[in-house]
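Peer 1: Here's a structure for you.
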Amino acid sequence: MAVRINSFEQYKEDYKLSVENPEAFWAGVADTFTWKKKWDKVLEWNFTEPKVEWFKGAQLNITENCLDRHLATKGDAIAYVWESNDVNEANRTLTYKQLHEEVCKFANVLKSNGVKKGDRVCMYMPMVPELAIACLAAARIGAIHSVVFAGFSAQALCDRISDAKVEVVITSDGNFRGNKDIPVKAIVDEAIKNLDFVRKSIVFKRTGGPVIMKEGRDIWWSDEMATASPVCEATPVDAEDPLFILYTSGSTGQPKGVVHTTAGYMVSTYYTFLNAFQYNEGELYFCTADIGWITGHSYMMYGPLLAGASSVMFEGVPTYPDAGRFWQIVEKLKVNIFYTAPTAIRALEAFGLEFVNKYDLSSLRALGSVGEPINVEAWNWYNDYIGKGNCPIVDTYWQTETGAFMITPIAGITPTKPAYATLPLPGVQLAIMDAEGKEILGNDVEGNLCVKFPWPSMIRTTYGDHERCRQTYFSAYPGYYFTGDGCKRDEDGYYRITGRVDDVINVSGHRMGTAEVENAINEHKNVIESAIVGYPHDIKGQGIYAYVICDHVPENADVLRKEILDIVTKIIGPIAKPDKIQIVPGLPKTRSGKIMRRILRKVAEGDVSSLGDTSTLLDPSVVDAIVEGALVPIKQ
Ligand code: PRX
């Protein structure tokens with residue numbers, strides 16, 4: 001079986017094989033890797049516990065597949081070219097040989113600091129090559145990495161470190177983001193000040209800003225690396241040993257640690273990267289995602305490295321020094337494949353074409369989109385002005401939990417339609433469910449999106465709480481994995497994701513649990529209760545609208561709003577700050593106490609003409625008060 005799909009016909013054949021004989025299909029892909037020991041059985045599973053085991057009995061190390069196996073043929077090829085936040089700072093390049101050496105050295109640093117197979121290591125770092133090096137080094141010795149996006153607050157970091165019982169944290173002195181210099185190390189200090197089990201913090205010097213190094217706990221990356229050996233045998237791990245934990249938001253207040261295991265994740269990320277983008281030897285690929293999110297894990301680190309690809313890693317933000325930054329990088333480095341989020345596309349579109357048209361984008365061959373539904377207008381702009389009508393757009397639908405692309409066009413092969421993720425990749429068996437929990441067959445249908453057969457990179461558990469994994473993903477539709485998304489399948493069998501149907505909102509492509517933001521707001525001493533809903537936002541896709549009940553009417557509502565924003569920033573991080581805050585006398589609740597979010601969503605959308613039946617509410621008059629309040633412009 002050829003792993004690479006070369007035609008639409010082959011896609012259809014491979015898809016058919018992957019449904020008729022999934023074991024043979026995935027074994028065919030897995031055969032192309034380096035294994036210390038081959039598997040005894042390709043797949044064992046049930047979606048009731050759930051328990052899913054791929055390539056059971058096999059032993060491997062993923063870094064041998066990302067690095068060692070490329071050394072003979074492409075040791076001098078570029079693995080990463082790093083572009084600084086500062087447009088005038090020189091690039092750094094790391095060849096596969098150099099990356100291999102750095103990873104081996106840092107793996108030895110971890111070992112000499114007592115990190116063993118199965119231990120959790122947390123990374124809270126800027127987008128520098130050392131973040132990827134640290135993750136790969138952990139994987140090299142069988143330790144489990146847990147990257148926390150460096151925009152999260154000290155408290156959010158503390159929660160994640162505590163949940164995973166992390167003993168070693170890797171960080172940096174600071175983080176250059178646009179014109180800001182964020183004191184990353186100080187945030188880590190605050191997060192771990194009461195966590196005695198954190199033994200070590202290894203600090204990479206990036207900004208040269210002031211830091212306080214705690215005697216016995218904090219050590220410099222460069223000091224450790226200076227004496228580390230560049231030889232480190234890769235530790236064999238079992239196929240189902242965890243590779244990493246990544247925390248993500250759900251419908252409860254507490255983020256959950258999604259656990260991905262080694263072999264299945266490796267097979268899926270490689271297969272999907274190679275095929276969706278149709279990566280060709282020698283091309284340069286630029287994914288703008290931060291490694292702190294799943295896109296950065298699967299398509300900045302593992303997928304491209306497994307395929308021996310060359311990637312751009314960018315430290316900065318799309319609008320610094322101006323809104324042409326991405327396109328300046330594309331021109332300068334001659335990027336062939338560019339992968340970003342709809343929110344970035346919309347934001348850059350708003351700045352105008354002058355920032356696009358001054359750059360030569362002719363090196364581009366394919367474009368990608370991820371993280372949220374891409375609206376038709378943004379899709380067309382991306383297609384017309386960035387791709388110049390010549391670059392297929394791959395709208396990749398997937399999740400932290402799926403580990404790899406599920407529904408996506410194959411660049412240049414699958415005919416695309418604006419705003420459609422199009423068709424499932426081979427190995428992905430979808431089901432659309434109706435309100436009664438039955439699968440809806442046929443085309444031109446709409447419902448909730450499920451998956452009915454395991455795929456290699458699927459979530460295995462939520463760290464430390466398997467029941468939560470079962471409840472969240474496998475209980476709504478017994479026998480199915482439930483994505484939490486709504487979806488349409490059109491008359492051609494093409495899929496279009498319509499957005500979350502649970503209490504999760506998607507702000508600038510970042511997932512946020514409404515309960516998580518509500519819990520943070522409720523920490524304000526004058527707040528009795530709050531309710532969060534998403535509303536359509538031109539740039540962010542969804543904005544956050546907060547309804548807040550106060551204990552006493554504040555003298556100055558603007559002061560209260562500012563305090564609420566500060567609390568949310570402190571507890572979660574700036575990404576969770578509400579865009580609008582409305583003080584309300586009550587919330588629309590049913591007699592059983594459930595908040596009718598449908599009504600709040602309508603008001604937030606500005607559509608108060610069709611609020612539906614409110615007679616079942618405990619106090620229908622609350623709705624009028626909310627509607628009246630909503631008509632008053634909200635100042636932030
Ligand atoms: O609602 C879907 C949306 O993002 C959610 C997953 O978020 P997260 O785990 O943070 O991963 C983001 C990067 C994969 C999904 O449940 N989503 C992701 N990609 C798309 C999308 N919605 C529509 N189209 C997409 N291409």
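Please note that chains go A, B, ... in the order of the structure tokens, that every chain numbers its residues from 1, and that ligands are numbered from 1 in the order shown.
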May I ask you to write as a VMD selection string all residues lying at most 7 Å from ligand 1, with only C-alpha atoms and all ligand atoms counted?

Peer 2: chain A and resid 248 293 to 295 369 to 374 395 to 401 421 483 to 485 497 to 500 506 509 to 511

Peer 1: Just the selected residues (N, CA and C atoms), exported as an mmCIF file, in the first residue's frame, please.

Peer 2:
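That gives us out_17.cif:
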```
data_model
loop_
_atom_site.group_PDB
_atom_site.id
_atom_site.type_symbol
_atom_site.label_atom_id
_atom_site.label_comp_id
_atom_site.auth_asym_id
_atom_site.auth_seq_id
_atom_site.Cartn_x
_atom_site.Cartn_y
_atom_site.Cartn_z
ATOM 1 N N THR A 248 -7.026 20.925 28.047
ATOM 2 C CA THR A 248 -7.963 21.645 27.189
ATOM 3 C C THR A 248 -9.260 21.882 27.948
ATOM 4 N N TRP A 293 -0.497 24.684 21.910
ATOM 5 C CA TRP A 293 -1.788 24.106 21.512
ATOM 6 C C TRP A 293 -1.539 22.820 20.749
ATOM 7 N N ILE A 294 -2.605 22.069 20.495
ATOM 8 C CA ILE A 294 -2.441 20.776 19.824
ATOM 9 C C ILE A 294 -1.890 20.957 18.404
ATOM 10 N N THR A 295 -2.272 22.039 17.728
ATOM 11 C CA THR A 295 -1.760 22.229 16.364
ATOM 12 C C THR A 295 -0.235 22.299 16.378
ATOM 13 N N SER A 369 -6.058 25.968 7.006
ATOM 14 C CA SER A 369 -6.847 26.701 7.997
ATOM 15 C C SER A 369 -7.205 25.731 9.117
ATOM 16 N N VAL A 370 -7.241 26.231 10.340
ATOM 17 C CA VAL A 370 -7.519 25.347 11.479
ATOM 18 C C VAL A 370 -8.073 26.099 12.675
ATOM 19 N N GLY A 371 -8.861 25.405 13.463
ATOM 20 C CA GLY A 371 -9.199 25.880 14.796
ATOM 21 C C GLY A 371 -10.632 26.321 14.974
ATOM 22 N N GLU A 372 -11.298 26.694 13.895
ATOM 23 C CA GLU A 372 -12.674 27.163 13.998
ATOM 24 C C GLU A 372 -13.242 27.165 12.580
ATOM 25 N N PRO A 373 -14.547 27.246 12.477
ATOM 26 C CA PRO A 373 -15.122 27.298 11.131
ATOM 27 C C PRO A 373 -14.593 28.533 10.400
ATOM 28 N N ILE A 374 -14.202 28.358 9.154
ATOM 29 C CA ILE A 374 -13.762 29.515 8.365
ATOM 30 C C ILE A 374 -14.969 29.983 7.550
ATOM 31 N N ASP A 395 -8.925 23.046 4.717
ATOM 32 C CA ASP A 395 -9.625 23.447 5.942
ATOM 33 C C ASP A 395 -9.657 22.205 6.825
ATOM 34 N N THR A 396 -8.739 22.155 7.777
ATOM 35 C CA THR A 396 -8.512 20.923 8.546
ATOM 36 C C THR A 396 -9.369 20.923 9.798
ATOM 37 N N TYR A 397 -10.304 20.022 9.876
ATOM 38 C CA TYR A 397 -11.138 19.905 11.076
ATOM 39 C C TYR A 397 -10.595 18.791 11.967
ATOM 40 N N TRP A 398 -10.332 19.138 13.208
ATOM 41 C CA TRP A 398 -9.877 18.151 14.188
ATOM 42 C C TRP A 398 -9.912 18.787 15.560
ATOM 43 N N GLN A 399 -9.397 18.107 16.581
ATOM 44 C CA GLN A 399 -9.490 18.578 17.972
ATOM 45 C C GLN A 399 -8.259 18.130 18.762
ATOM 46 N N THR A 400 -8.070 18.743 19.907
ATOM 47 C CA THR A 400 -7.022 18.285 20.824
ATOM 48 C C THR A 400 -7.187 16.782 21.045
ATOM 49 N N GLU A 401 -8.413 16.357 21.199
ATOM 50 C CA GLU A 401 -8.696 14.951 21.516
ATOM 51 C C GLU A 401 -8.454 14.011 20.340
ATOM 52 N N ALA A 421 -14.962 21.628 5.343
ATOM 53 C CA ALA A 421 -13.779 20.802 5.634
ATOM 54 C C ALA A 421 -13.750 19.603 4.673
ATOM 55 N N THR A 483 -17.918 14.474 19.351
ATOM 56 C CA THR A 483 -16.956 15.576 19.197
ATOM 57 C C THR A 483 -17.351 16.845 19.942
ATOM 58 N N GLY A 484 -18.661 17.016 20.191
ATOM 59 C CA GLY A 484 -19.129 18.290 20.754
ATOM 60 C C GLY A 484 -19.469 19.299 19.668
ATOM 61 N N ASP A 485 -19.305 18.911 18.398
ATOM 62 C CA ASP A 485 -19.568 19.832 17.292
ATOM 63 C C ASP A 485 -20.839 19.464 16.540
ATOM 64 N N ILE A 497 -18.551 22.024 9.283
ATOM 65 C CA ILE A 497 -18.702 22.095 10.740
ATOM 66 C C ILE A 497 -19.425 23.389 11.074
ATOM 67 N N THR A 498 -20.466 23.297 11.909
ATOM 68 C CA THR A 498 -21.234 24.499 12.215
ATOM 69 C C THR A 498 -20.881 25.101 13.573
ATOM 70 N N GLY A 499 -20.038 24.420 14.353
ATOM 71 C CA GLY A 499 -19.613 24.978 15.641
ATOM 72 C C GLY A 499 -20.027 24.098 16.804
ATOM 73 N N ARG A 500 -19.616 24.498 18.009
ATOM 74 C CA ARG A 500 -19.844 23.670 19.193
ATOM 75 C C ARG A 500 -21.327 23.650 19.557
ATOM 76 N N ASN A 506 -15.507 29.118 21.180
ATOM 77 C CA ASN A 506 -14.258 29.104 20.437
ATOM 78 C C ASN A 506 -13.895 30.550 20.099
ATOM 79 N N GLY A 509 -10.116 30.869 17.775
ATOM 80 C CA GLY A 509 -9.581 29.523 17.601
ATOM 81 C C GLY A 509 -9.152 28.882 18.912
ATOM 82 N N HIS A 510 -9.376 29.548 20.042
ATOM 83 C CA HIS A 510 -9.021 28.964 21.335
ATOM 84 C C HIS A 510 -10.274 28.501 22.049
ATOM 85 N N ARG A 511 -10.192 27.324 22.569
ATOM 86 C CA ARG A 511 -11.344 26.739 23.232
ATOM 87 C C ARG A 511 -11.478 27.217 24.655
#
```

Peer 1: So which residues touch segment 69-84 of chain A within 8 Å, counting only C-alpha atoms, skipping near sequence neighbours fewer than 3 positions away, as a VMD selection string?

Peer 2: chain A and resid 34 64 to 66 87 89 to 97 99 128 to 129 305 308 to 316 329

Peer 1: Once DSSP has gone over the backbone, tell me which residues of segment 69-114 of chain A are in alpha helix (DSSP H), as a list in words.

Peer 2: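 Matching residues, listed in order: Arg69, His70, Leu71, Ala72, Thr73, Lys74, Tyr96, Lys97, Gln98, Leu99, His100, Glu101, Glu102, Val103, Cys104, Lys105, Phe106, Ala107, Asn108, Val109, Leu110, Lys111 and Ser112 of chain A.
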
Peer 1: Pull the strand (DSSP E) assignments for segment 143-301 of chain A out of DSSP run on the backbone, and list those residues as number ranges by chain.

Peer 2: A: 144-147, 168-172, 175-177, 180-182, 200-204, 218-220, 237-238, 242-248, 256-261, 284-287

Peer 1: Which residue is closest to Gly282 of chain A? Choose from A:Asn383, A:Thr252, A:Thr261, A:Asn336 and count only C-alpha atoms.

Peer 2: A:Asn336

Peer 1: Return the single residue from A:Val258, A:Ile182, A:Val231, A:Val203 that is closest to Val169 of chain A, with distances computed using only C-alpha atoms.

Peer 2: A:Val203

Peer 1: Rank A:Gly541, A:Gly368, A:Pro456, A:Gly403 by their smallest atom-to-atom distance to Cys391 of chain A, using only C-alpha atoms, and report the top residue only.

Peer 2: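 Using only C-alpha atoms, the shortest distance to Cys391 of chain A belongs to A:Gly368.
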
Peer 1: Give me, please, the distance in Å between atom CA of Gly573 of chain A and atom CA of Ser153 of chain A, quoted to one decimal.

Peer 2: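 Separation between atom CA of Gly573 of chain A and atom CA of Ser153 of chain A: 4.7 Å.
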
Peer 1: Do you know which residues are at most 12 Å from Asp502 of chain A counting only C-alpha atoms, after dropping those on the same chain fewer than 2 positions away, and could you put them as a list of chain:residue names?

Peer 2: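 Counting only C-alpha atoms, the residues come to A:Ser249, A:Gly250, A:Ser251, A:Thr252, A:Asn448, A:Leu449, A:Thr472, A:Tyr473, A:Ala476, A:Phe482, A:Thr483, A:Gly484, A:Asp485, A:Gly486, A:Gly499, A:Arg500, A:Val504, A:Ile505, A:Asn506, A:Arg511, A:Met512, A:Gly513, A:Thr514, A:Ala515, A:Val533, A:Gly534, A:Arg597, A:Arg598.
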